[in-house]
$ cat data_3.cif   # mmCIF, C-alpha atoms
data_structure
loop_
_atom_site.label_atom_id
_atom_site.label_comp_id
_atom_site.auth_asym_id
_atom_site.auth_seq_id
_atom_site.Cartn_x
_atom_site.Cartn_y
_atom_site.Cartn_z
CA GLY A 9 0.00 0.00 0.00
CA LYS A 10 0.75 3.63 -0.33
CA GLU A 11 1.68 4.20 3.35
CA HIS A 12 4.18 1.31 3.28
CA GLU A 13 5.45 2.21 -0.17
CA ASP A 14 6.46 5.77 0.81
CA LYS A 15 8.11 4.54 4.02
CA LEU A 16 10.05 1.78 2.21
CA TRP A 17 11.06 4.20 -0.53
CA GLN A 18 12.37 6.63 2.10
CA GLN A 19 14.36 3.87 3.88
CA PHE A 20 15.77 2.66 0.55
CA ASN A 21 16.59 6.21 -0.54
CA ASP A 22 18.31 6.94 2.84
CA ALA A 23 20.43 3.77 2.54
CA ARG A 24 21.25 4.65 -1.05
CA GLN A 25 22.16 8.21 -0.07
CA LYS A 26 24.53 6.89 2.65
CA PHE A 27 26.24 4.80 -0.04
CA TYR A 28 26.57 7.82 -2.37
CA ASP A 29 27.83 10.01 0.47
CA ARG A 30 30.46 7.41 1.42
CA ARG A 31 31.40 6.89 -2.21
CA GLY A 32 31.72 10.65 -2.71
CA ALA A 33 33.85 10.98 0.43
CA TYR A 34 36.01 8.02 -0.69
CA TYR A 35 36.64 9.56 -4.12
CA ASP A 36 37.25 13.00 -2.63
CA GLU A 37 39.85 11.45 -0.32
CA LEU A 38 41.29 9.38 -3.18
CA HIS A 39 41.60 12.42 -5.45
CA GLU A 40 43.18 14.44 -2.64
CA ASP A 41 45.68 11.60 -2.04
CA GLN A 42 46.39 11.36 -5.76
CA ASP A 43 46.89 15.12 -5.99
CA GLN A 44 49.41 14.93 -3.13
CA LYS A 45 51.23 12.06 -4.84
CA TYR A 46 51.23 14.02 -8.09
CA ALA A 47 52.77 17.01 -6.30
CA GLN A 48 55.44 14.74 -4.77
CA LYS A 49 56.24 13.24 -8.16
CA LYS A 50 56.32 16.69 -9.76
CA ALA A 51 58.89 17.70 -7.11
CA LEU A 52 60.98 14.62 -8.05
CA VAL A 53 60.81 15.63 -11.73
CA ASP A 54 61.94 19.15 -10.80
CA THR A 55 64.84 17.78 -8.74
CA ALA A 56 65.85 15.44 -11.58
CA ARG A 57 65.62 18.29 -14.09
CA GLU A 58 67.80 20.50 -11.87
CA LEU A 59 70.46 17.78 -11.59
CA THR A 60 70.34 17.14 -15.33
CA GLU A 61 70.70 20.81 -16.21
CA ARG A 62 73.84 21.10 -14.07
CA LYS A 63 75.61 18.62 -16.37
CA GLU A 64 77.79 17.55 -13.43
CA TYR A 65 78.09 13.80 -13.71
CA THR A 66 79.50 12.97 -10.29
CA ARG A 67 78.92 9.78 -8.35
CA GLU A 68 76.83 11.74 -5.86
CA HIS A 69 74.54 13.13 -8.57
CA THR A 70 74.18 9.74 -10.21
CA GLU A 71 73.31 8.20 -6.84
CA GLN A 72 70.76 10.98 -6.28
CA MET A 73 69.19 10.26 -9.65
CA LYS A 74 68.91 6.56 -8.84
CA ASN A 75 67.39 7.41 -5.46
CA LEU A 76 64.78 9.58 -7.17
CA GLY A 77 63.63 6.44 -9.01
CA VAL A 78 63.39 4.56 -5.71
CA GLU A 79 61.40 7.43 -4.14
CA TRP A 80 59.15 7.48 -7.20
CA LYS A 81 58.14 3.87 -6.63
CA LYS A 82 57.52 4.46 -2.92
CA ILE A 83 55.08 7.30 -3.60
CA GLY A 84 52.57 5.14 -5.46
CA SER A 85 50.11 5.98 -8.18
CA CYS A 86 48.63 9.43 -8.67
CA GLY A 87 45.84 8.23 -10.95
CA LYS A 88 45.97 6.81 -14.45
CA GLU A 89 45.63 10.09 -16.32
CA LYS A 90 48.22 12.02 -14.34
CA GLU A 91 50.50 9.01 -13.82
CA ASP A 92 51.14 8.41 -17.52
CA GLN A 93 51.89 12.08 -18.18
CA ILE A 94 54.18 12.64 -15.17
CA TRP A 95 55.95 9.30 -15.76
CA LYS A 96 56.80 10.28 -19.36
CA GLU A 97 58.15 13.59 -18.11
CA PHE A 98 60.21 11.89 -15.37
CA ARG A 99 61.50 9.21 -17.75
CA THR A 100 62.53 11.82 -20.31
CA VAL A 101 64.53 13.78 -17.73
CA MET A 102 66.12 10.60 -16.34
CA ASP A 103 67.01 9.36 -19.83
CA HIS A 104 68.55 12.74 -20.66
CA TYR A 105 70.72 12.60 -17.52
CA PHE A 106 71.91 9.06 -18.11
CA GLU A 107 72.63 9.74 -21.79
CA GLY A 108 74.74 12.70 -20.66
CA LEU A 109 76.45 10.48 -18.10
CA LYS A 110 77.22 7.91 -20.80
CA GLU A 111 78.71 10.57 -23.08
CA PHE A 112 80.70 12.01 -20.17
CA ASN A 113 82.08 8.57 -19.27
CA GLU A 114 82.94 7.81 -22.90
CA GLN A 115 84.75 11.13 -23.20
CA LYS A 116 86.57 10.53 -19.91
CA HIS A 117 87.55 7.05 -21.07
CA ALA A 118 88.85 8.40 -24.39
CA GLN A 119 90.93 10.99 -22.51
CA TRP A 120 92.29 8.23 -20.26
CA ARG A 121 93.19 6.10 -23.29
CA GLN A 122 94.94 9.09 -24.86
CA ARG A 123 96.95 9.74 -21.67
CA MET A 124 97.90 6.07 -21.44
CA GLN A 125 99.04 6.08 -25.09
CA GLU A 126 101.14 9.17 -24.41
CA ILE A 127 102.70 7.59 -21.32
CA ARG A 128 103.39 4.43 -23.32
CA SER A 129 105.09 6.47 -26.07
CA ARG A 130 107.25 8.33 -23.56
CA LYS A 131 108.32 5.06 -21.98
CA GLN A 132 109.22 3.65 -25.41
CA GLU A 133 111.27 6.77 -26.09
CA MET A 134 113.02 6.31 -22.75
CA ILE A 135 113.82 2.70 -23.66
CA ALA A 136 115.25 3.76 -27.02
CA ASN A 137 117.30 6.47 -25.27
CA GLN A 138 118.64 3.98 -22.71
CA LYS A 139 119.56 1.52 -25.47
CA ARG A 140 121.46 4.28 -27.32
CA GLN A 141 123.31 5.12 -24.11
CA ILE A 142 124.17 1.45 -23.55
CA LYS A 143 125.48 1.17 -27.11
CA ARG A 144 127.62 4.30 -26.62
CA MET A 145 128.93 2.97 -23.31
CA GLN A 146 129.76 -0.40 -24.88
CA ASP A 147 131.61 1.39 -27.66
CA ASP A 148 133.47 3.53 -25.10
CA MET A 149 134.41 0.43 -23.06
CA VAL A 150 136.73 -0.71 -25.83
CA GLY A 151 139.05 2.20 -25.12
CA LEU A 152 139.08 1.75 -21.31
CA LEU A 153 142.31 0.48 -19.84
CA GLY A 154 141.63 -0.12 -16.14
CA GLN A 155 139.54 -3.01 -14.85
CA ARG A 156 137.93 -0.70 -12.33
CA ALA A 157 136.67 1.62 -15.09
CA ILE A 158 135.40 -1.39 -17.06
CA ASP A 159 133.57 -2.73 -13.98
CA GLU A 160 131.95 0.64 -13.35
CA MET A 161 130.88 0.88 -16.97
CA GLU A 162 129.42 -2.66 -16.88
CA GLU A 163 127.59 -1.79 -13.66
CA SER A 164 126.11 1.33 -15.32
CA ILE A 165 125.08 -0.77 -18.31
CA ALA A 166 123.43 -3.34 -15.98
CA ASP A 167 121.52 -0.52 -14.21
CA LYS A 168 120.30 0.78 -17.55
CA GLU A 169 119.26 -2.71 -18.62
CA ASP A 170 117.32 -3.12 -15.33
CA PHE A 171 115.66 0.23 -15.98
CA ILE A 172 114.75 -0.90 -19.51
CA ALA A 173 113.23 -4.11 -18.12
CA GLN A 174 111.20 -2.07 -15.64
CA LEU A 175 109.95 0.24 -18.40
CA GLU A 176 109.05 -2.76 -20.57
CA GLU A 177 107.00 -4.23 -17.69
CA GLU A 178 105.22 -0.90 -17.26
CA ILE A 179 104.45 -0.80 -21.00
CA GLU A 180 103.13 -4.36 -20.82
CA ASP A 181 100.89 -3.33 -17.90
CA ILE A 182 99.62 -0.31 -19.87
CA ASP A 183 98.90 -2.57 -22.87
CA LYS A 184 96.85 -4.94 -20.68
CA ARG A 185 94.89 -2.03 -19.22
CA LEU A 186 94.24 -0.62 -22.66
CA GLU A 187 92.95 -4.00 -23.88
CA LYS A 188 90.32 -4.03 -21.14
#
$ encode --input "data_3.cif" --output "structure tokens"
Amino acid sequence: GKEHEDKLWQQFNDARQKFYDRRGAYYDELHEDQDQKYAQKKALVDTARELTERKEYTREHTEQMKNLGVEWKKIGSCGKEKEDQIWKEFRTVMDHYFEGLKEFNEQKHAQWRQRMQEIRSRKQEMIANQKRQIKRMQDDMVGLLGQRAIDEMEESIADKEDFIAQLEEEIEDIDKRLEK
């Protein structure tokens, strides 16, 4: 009947309204949480961008960049729409930093290789110089009369030969390092 129908409708509508109120409160809270997470992620993007723009590829900065990725994961999702956009922005900045780091390391490695090649060349020149000195000393030994002078000359030659052996070991070590 009509009296029961209106009462039942009111009870049903009240229960339904409680559901909608709770649902509205839940989504309001969810959106507020997502907005906070978005703001946190935006701050991470800004920090990453600042580090990237410095173009200082130190261990500390690289560690900071890696930690930003860890913090990113801890924050959680900021909603599908915002998440995709902010993630692309973050990824772009991170990729830019790590590409710069790669170029920096390649340049640093090339400079190291160049320095090692120069050191190797100088050592080879030193060896050639020592060998010329030994040859001259051996030629000069022919004209020496006293045994003492000959012994001193042979000792000097032996020292130079030891020095040459040391330089050759150092060159061999440089060659092994350059191969790696």
$ resolve_selection --input "data_3.cif" --expression "the PyMOL selection byres ((chain A and resi 135-141) around 12)" --output "ChimeraX atom specification"
/A:128-134,142-148,161,164-179
$ write_last_selection --input "data_3.cif" --atoms "C-alpha atoms" --output "compact mmCIF listing (two decimals), keeping the file's coordinate frame"
# COMPACT_ATOMS: atom_id res chain seq x y z
CA ARG A 128 103.39 4.43 -23.32
CA SER A 129 105.09 6.47 -26.07
CA ARG A 130 107.25 8.33 -23.56
CA LYS A 131 108.32 5.06 -21.98
CA GLN A 132 109.22 3.65 -25.41
CA GLU A 133 111.27 6.77 -26.09
CA MET A 134 113.02 6.31 -22.75
CA ILE A 142 124.17 1.45 -23.55
CA LYS A 143 125.48 1.17 -27.11
CA ARG A 144 127.62 4.30 -26.62
CA MET A 145 128.93 2.97 -23.31
CA GLN A 146 129.76 -0.40 -24.88
CA ASP A 147 131.61 1.39 -27.66
CA ASP A 148 133.47 3.53 -25.10
CA MET A 161 130.88 0.88 -16.97
CA SER A 164 126.11 1.33 -15.32
CA ILE A 165 125.08 -0.77 -18.31
CA ALA A 166 123.43 -3.34 -15.98
CA ASP A 167 121.52 -0.52 -14.21
CA LYS A 168 120.30 0.78 -17.55
CA GLU A 169 119.26 -2.71 -18.62
CA ASP A 170 117.32 -3.12 -15.33
CA PHE A 171 115.66 0.23 -15.98
CA ILE A 172 114.75 -0.90 -19.51
CA ALA A 173 113.23 -4.11 -18.12
CA GLN A 174 111.20 -2.07 -15.64
CA LEU A 175 109.95 0.24 -18.40
CA GLU A 176 109.05 -2.76 -20.57
CA GLU A 177 107.00 -4.23 -17.69
CA GLU A 178 105.22 -0.90 -17.26
CA ILE A 179 104.45 -0.80 -21.00
$ axis_aligned_box --input "data_3.cif" --around "segment 151-158 of chain A" --padding-each-side "4 Å" --output "AutoDock Vina command-line options"
--center_x 138.9 --center_y -0.4 --center_z -18.7 --size_x 14.9 --size_y 13.2 --size_z 20.8
$ atom_distance --input "data_3.cif" --atom1 "atom CA of Arg62 of chain A" --atom2 "atom CA of Cys86 of chain A"
28.3 Å
$ residues_near_point --input "data_3.cif" --point "(70.6, 9.8, -18.8)" --cutoff "12 Å" --atoms "all atoms listed in the file" --output "list in words"
Ala56, Arg57, Leu59, Thr60, Glu61, Lys63, Glu64, Tyr65, His69, Thr70, Met73, Lys74, Phe98, Arg99, Thr100, Val101, Met102, Asp103, His104, Tyr105, Phe106, Glu107, Gly108, Leu109, Lys110, Glu111, Phe112 and Asn113 of chain A
$ atom_distance --input "data_3.cif" --atom1 "atom CA of Ile182 of chain A" --atom2 "atom CA of Glu114 of chain A"
18.8 Å
$ closest_residue --input "data_3.cif" --among "A:Ile127, A:Leu152, A:Leu52, A:Leu38" --to "Lys81 of chain A" --atoms "all atoms listed in the file"
A:Leu52
$ resolve_selection --input "data_3.cif" --expression "the PyMOL selection byres ((chain A and resi 91) around 12)" --output "ChimeraX atom specification"
/A:42-43,45-50,80-81,83-90,92-99
$ atom_distance --input "data_3.cif" --atom1 "atom CA of Asp36 of chain A" --atom2 "atom CA of Val78 of chain A"
27.6 Å
$ closest_residue --input "data_3.cif" --among "A:Gln19, A:Phe27, A:Gln44, A:Asp181" --to "Gln125 of chain A" --atoms "only C-alpha atoms"
A:Asp181
$ closest_residue --input "data_3.cif" --among "A:Gln155, A:Met124, A:Glu71, A:Arg30" --to "Glu187 of chain A" --atoms "only C-alpha atoms"
A:Met124
$ build_atoms --input "data_3.cif" --residues "segment 119-150 of chain A" --atoms "N, CA and C atoms" --output "PDB file, in the coordinates of the input"
ATOM      1  N   GLN A 119      89.818  10.172 -23.033  1.00  0.00           N
ATOM      2  CA  GLN A 119      90.930  10.990 -22.510  1.00  0.00           C
ATOM      3  C   GLN A 119      91.923  10.109 -21.763  1.00  0.00           C
ATOM      4  N   TRP A 120      91.421   9.157 -20.987  1.00  0.00           N
ATOM      5  CA  TRP A 120      92.290   8.230 -20.260  1.00  0.00           C
ATOM      6  C   TRP A 120      93.122   7.406 -21.242  1.00  0.00           C
ATOM      7  N   ARG A 121      92.471   6.886 -22.278  1.00  0.00           N
ATOM      8  CA  ARG A 121      93.190   6.100 -23.290  1.00  0.00           C
ATOM      9  C   ARG A 121      94.283   6.941 -23.934  1.00  0.00           C
ATOM     10  N   GLN A 122      93.961   8.199 -24.247  1.00  0.00           N
ATOM     11  CA  GLN A 122      94.940   9.090 -24.860  1.00  0.00           C
ATOM     12  C   GLN A 122      96.133   9.303 -23.934  1.00  0.00           C
ATOM     13  N   ARG A 123      95.853   9.548 -22.641  1.00  0.00           N
ATOM     14  CA  ARG A 123      96.950   9.740 -21.670  1.00  0.00           C
ATOM     15  C   ARG A 123      97.802   8.479 -21.555  1.00  0.00           C
ATOM     16  N   MET A 124      97.154   7.321 -21.550  1.00  0.00           N
ATOM     17  CA  MET A 124      97.900   6.070 -21.440  1.00  0.00           C
ATOM     18  C   MET A 124      98.775   5.863 -22.682  1.00  0.00           C
ATOM     19  N   GLN A 125      98.266   6.192 -23.849  1.00  0.00           N
ATOM     20  CA  GLN A 125      99.040   6.080 -25.090  1.00  0.00           C
ATOM     21  C   GLN A 125     100.252   7.009 -25.035  1.00  0.00           C
ATOM     22  N   GLU A 126     100.036   8.221 -24.522  1.00  0.00           N
ATOM     23  CA  GLU A 126     101.140   9.170 -24.410  1.00  0.00           C
ATOM     24  C   GLU A 126     102.196   8.671 -23.426  1.00  0.00           C
ATOM     25  N   ILE A 127     101.761   8.139 -22.309  1.00  0.00           N
ATOM     26  CA  ILE A 127     102.700   7.590 -21.320  1.00  0.00           C
ATOM     27  C   ILE A 127     103.474   6.439 -21.940  1.00  0.00           C
ATOM     28  N   ARG A 128     102.753   5.582 -22.669  1.00  0.00           N
ATOM     29  CA  ARG A 128     103.390   4.430 -23.320  1.00  0.00           C
ATOM     30  C   ARG A 128     104.454   4.914 -24.309  1.00  0.00           C
ATOM     31  N   SER A 129     104.136   5.931 -25.094  1.00  0.00           N
ATOM     32  CA  SER A 129     105.090   6.470 -26.070  1.00  0.00           C
ATOM     33  C   SER A 129     106.330   7.046 -25.379  1.00  0.00           C
ATOM     34  N   ARG A 130     106.106   7.772 -24.294  1.00  0.00           N
ATOM     35  CA  ARG A 130     107.250   8.330 -23.560  1.00  0.00           C
ATOM     36  C   ARG A 130     108.156   7.230 -23.013  1.00  0.00           C
ATOM     37  N   LYS A 131     107.536   6.166 -22.520  1.00  0.00           N
ATOM     38  CA  LYS A 131     108.320   5.060 -21.980  1.00  0.00           C
ATOM     39  C   LYS A 131     109.114   4.377 -23.102  1.00  0.00           C
ATOM     40  N   GLN A 132     108.505   4.243 -24.277  1.00  0.00           N
ATOM     41  CA  GLN A 132     109.220   3.650 -25.410  1.00  0.00           C
ATOM     42  C   GLN A 132     110.390   4.542 -25.823  1.00  0.00           C
ATOM     43  N   GLU A 133     110.168   5.849 -25.782  1.00  0.00           N
ATOM     44  CA  GLU A 133     111.270   6.770 -26.090  1.00  0.00           C
ATOM     45  C   GLU A 133     112.394   6.628 -25.059  1.00  0.00           C
ATOM     46  N   MET A 134     112.011   6.472 -23.806  1.00  0.00           N
ATOM     47  CA  MET A 134     113.020   6.310 -22.750  1.00  0.00           C
ATOM     48  C   MET A 134     113.824   5.027 -22.980  1.00  0.00           C
ATOM     49  N   ILE A 135     113.130   3.964 -23.385  1.00  0.00           N
ATOM     50  CA  ILE A 135     113.820   2.700 -23.660  1.00  0.00           C
ATOM     51  C   ILE A 135     114.809   2.899 -24.800  1.00  0.00           C
ATOM     52  N   ALA A 136     114.364   3.530 -25.871  1.00  0.00           N
ATOM     53  CA  ALA A 136     115.250   3.760 -27.020  1.00  0.00           C
ATOM     54  C   ALA A 136     116.452   4.608 -26.595  1.00  0.00           C
ATOM     55  N   ASN A 137     116.226   5.616 -25.781  1.00  0.00           N
ATOM     56  CA  ASN A 137     117.300   6.470 -25.270  1.00  0.00           C
ATOM     57  C   ASN A 137     118.291   5.656 -24.431  1.00  0.00           C
ATOM     58  N   GLN A 138     117.774   4.809 -23.557  1.00  0.00           N
ATOM     59  CA  GLN A 138     118.640   3.980 -22.710  1.00  0.00           C
ATOM     60  C   GLN A 138     119.468   3.017 -23.570  1.00  0.00           C
ATOM     61  N   LYS A 139     118.843   2.450 -24.593  1.00  0.00           N
ATOM     62  CA  LYS A 139     119.560   1.520 -25.470  1.00  0.00           C
ATOM     63  C   LYS A 139     120.675   2.255 -26.224  1.00  0.00           C
ATOM     64  N   ARG A 140     120.407   3.489 -26.653  1.00  0.00           N
ATOM     65  CA  ARG A 140     121.460   4.280 -27.320  1.00  0.00           C
ATOM     66  C   ARG A 140     122.615   4.550 -26.342  1.00  0.00           C
ATOM     67  N   GLN A 141     122.271   4.860 -25.110  1.00  0.00           N
ATOM     68  CA  GLN A 141     123.310   5.120 -24.110  1.00  0.00           C
ATOM     69  C   GLN A 141     124.133   3.861 -23.836  1.00  0.00           C
ATOM     70  N   ILE A 142     123.453   2.720 -23.763  1.00  0.00           N
ATOM     71  CA  ILE A 142     124.170   1.450 -23.550  1.00  0.00           C
ATOM     72  C   ILE A 142     125.120   1.196 -24.716  1.00  0.00           C
ATOM     73  N   LYS A 143     124.644   1.393 -25.924  1.00  0.00           N
ATOM     74  CA  LYS A 143     125.480   1.170 -27.110  1.00  0.00           C
ATOM     75  C   LYS A 143     126.716   2.074 -27.070  1.00  0.00           C
ATOM     76  N   ARG A 144     126.491   3.373 -26.722  1.00  0.00           N
ATOM     77  CA  ARG A 144     127.620   4.300 -26.620  1.00  0.00           C
ATOM     78  C   ARG A 144     128.602   3.842 -25.541  1.00  0.00           C
ATOM     79  N   MET A 145     128.070   3.405 -24.406  1.00  0.00           N
ATOM     80  CA  MET A 145     128.930   2.970 -23.310  1.00  0.00           C
ATOM     81  C   MET A 145     129.728   1.721 -23.714  1.00  0.00           C
ATOM     82  N   GLN A 146     129.053   0.806 -24.431  1.00  0.00           N
ATOM     83  CA  GLN A 146     129.760  -0.400 -24.880  1.00  0.00           C
ATOM     84  C   GLN A 146     130.861  -0.029 -25.869  1.00  0.00           C
ATOM     85  N   ASP A 147     130.586   0.926 -26.723  1.00  0.00           N
ATOM     86  CA  ASP A 147     131.610   1.390 -27.660  1.00  0.00           C
ATOM     87  C   ASP A 147     132.763   2.051 -26.913  1.00  0.00           C
ATOM     88  N   ASP A 148     132.435   2.834 -25.883  1.00  0.00           N
ATOM     89  CA  ASP A 148     133.470   3.530 -25.100  1.00  0.00           C
ATOM     90  C   ASP A 148     134.295   2.555 -24.263  1.00  0.00           C
ATOM     91  N   MET A 149     133.705   1.403 -23.905  1.00  0.00           N
ATOM     92  CA  MET A 149     134.410   0.430 -23.060  1.00  0.00           C
ATOM     93  C   MET A 149     135.640  -0.127 -23.761  1.00  0.00           C
ATOM     94  N   VAL A 150     135.610  -0.159 -25.068  1.00  0.00           N
ATOM     95  CA  VAL A 150     136.730  -0.710 -25.830  1.00  0.00           C
ATOM     96  C   VAL A 150     138.012   0.078 -25.533  1.00  0.00           C
TER      97      VAL A 150
END
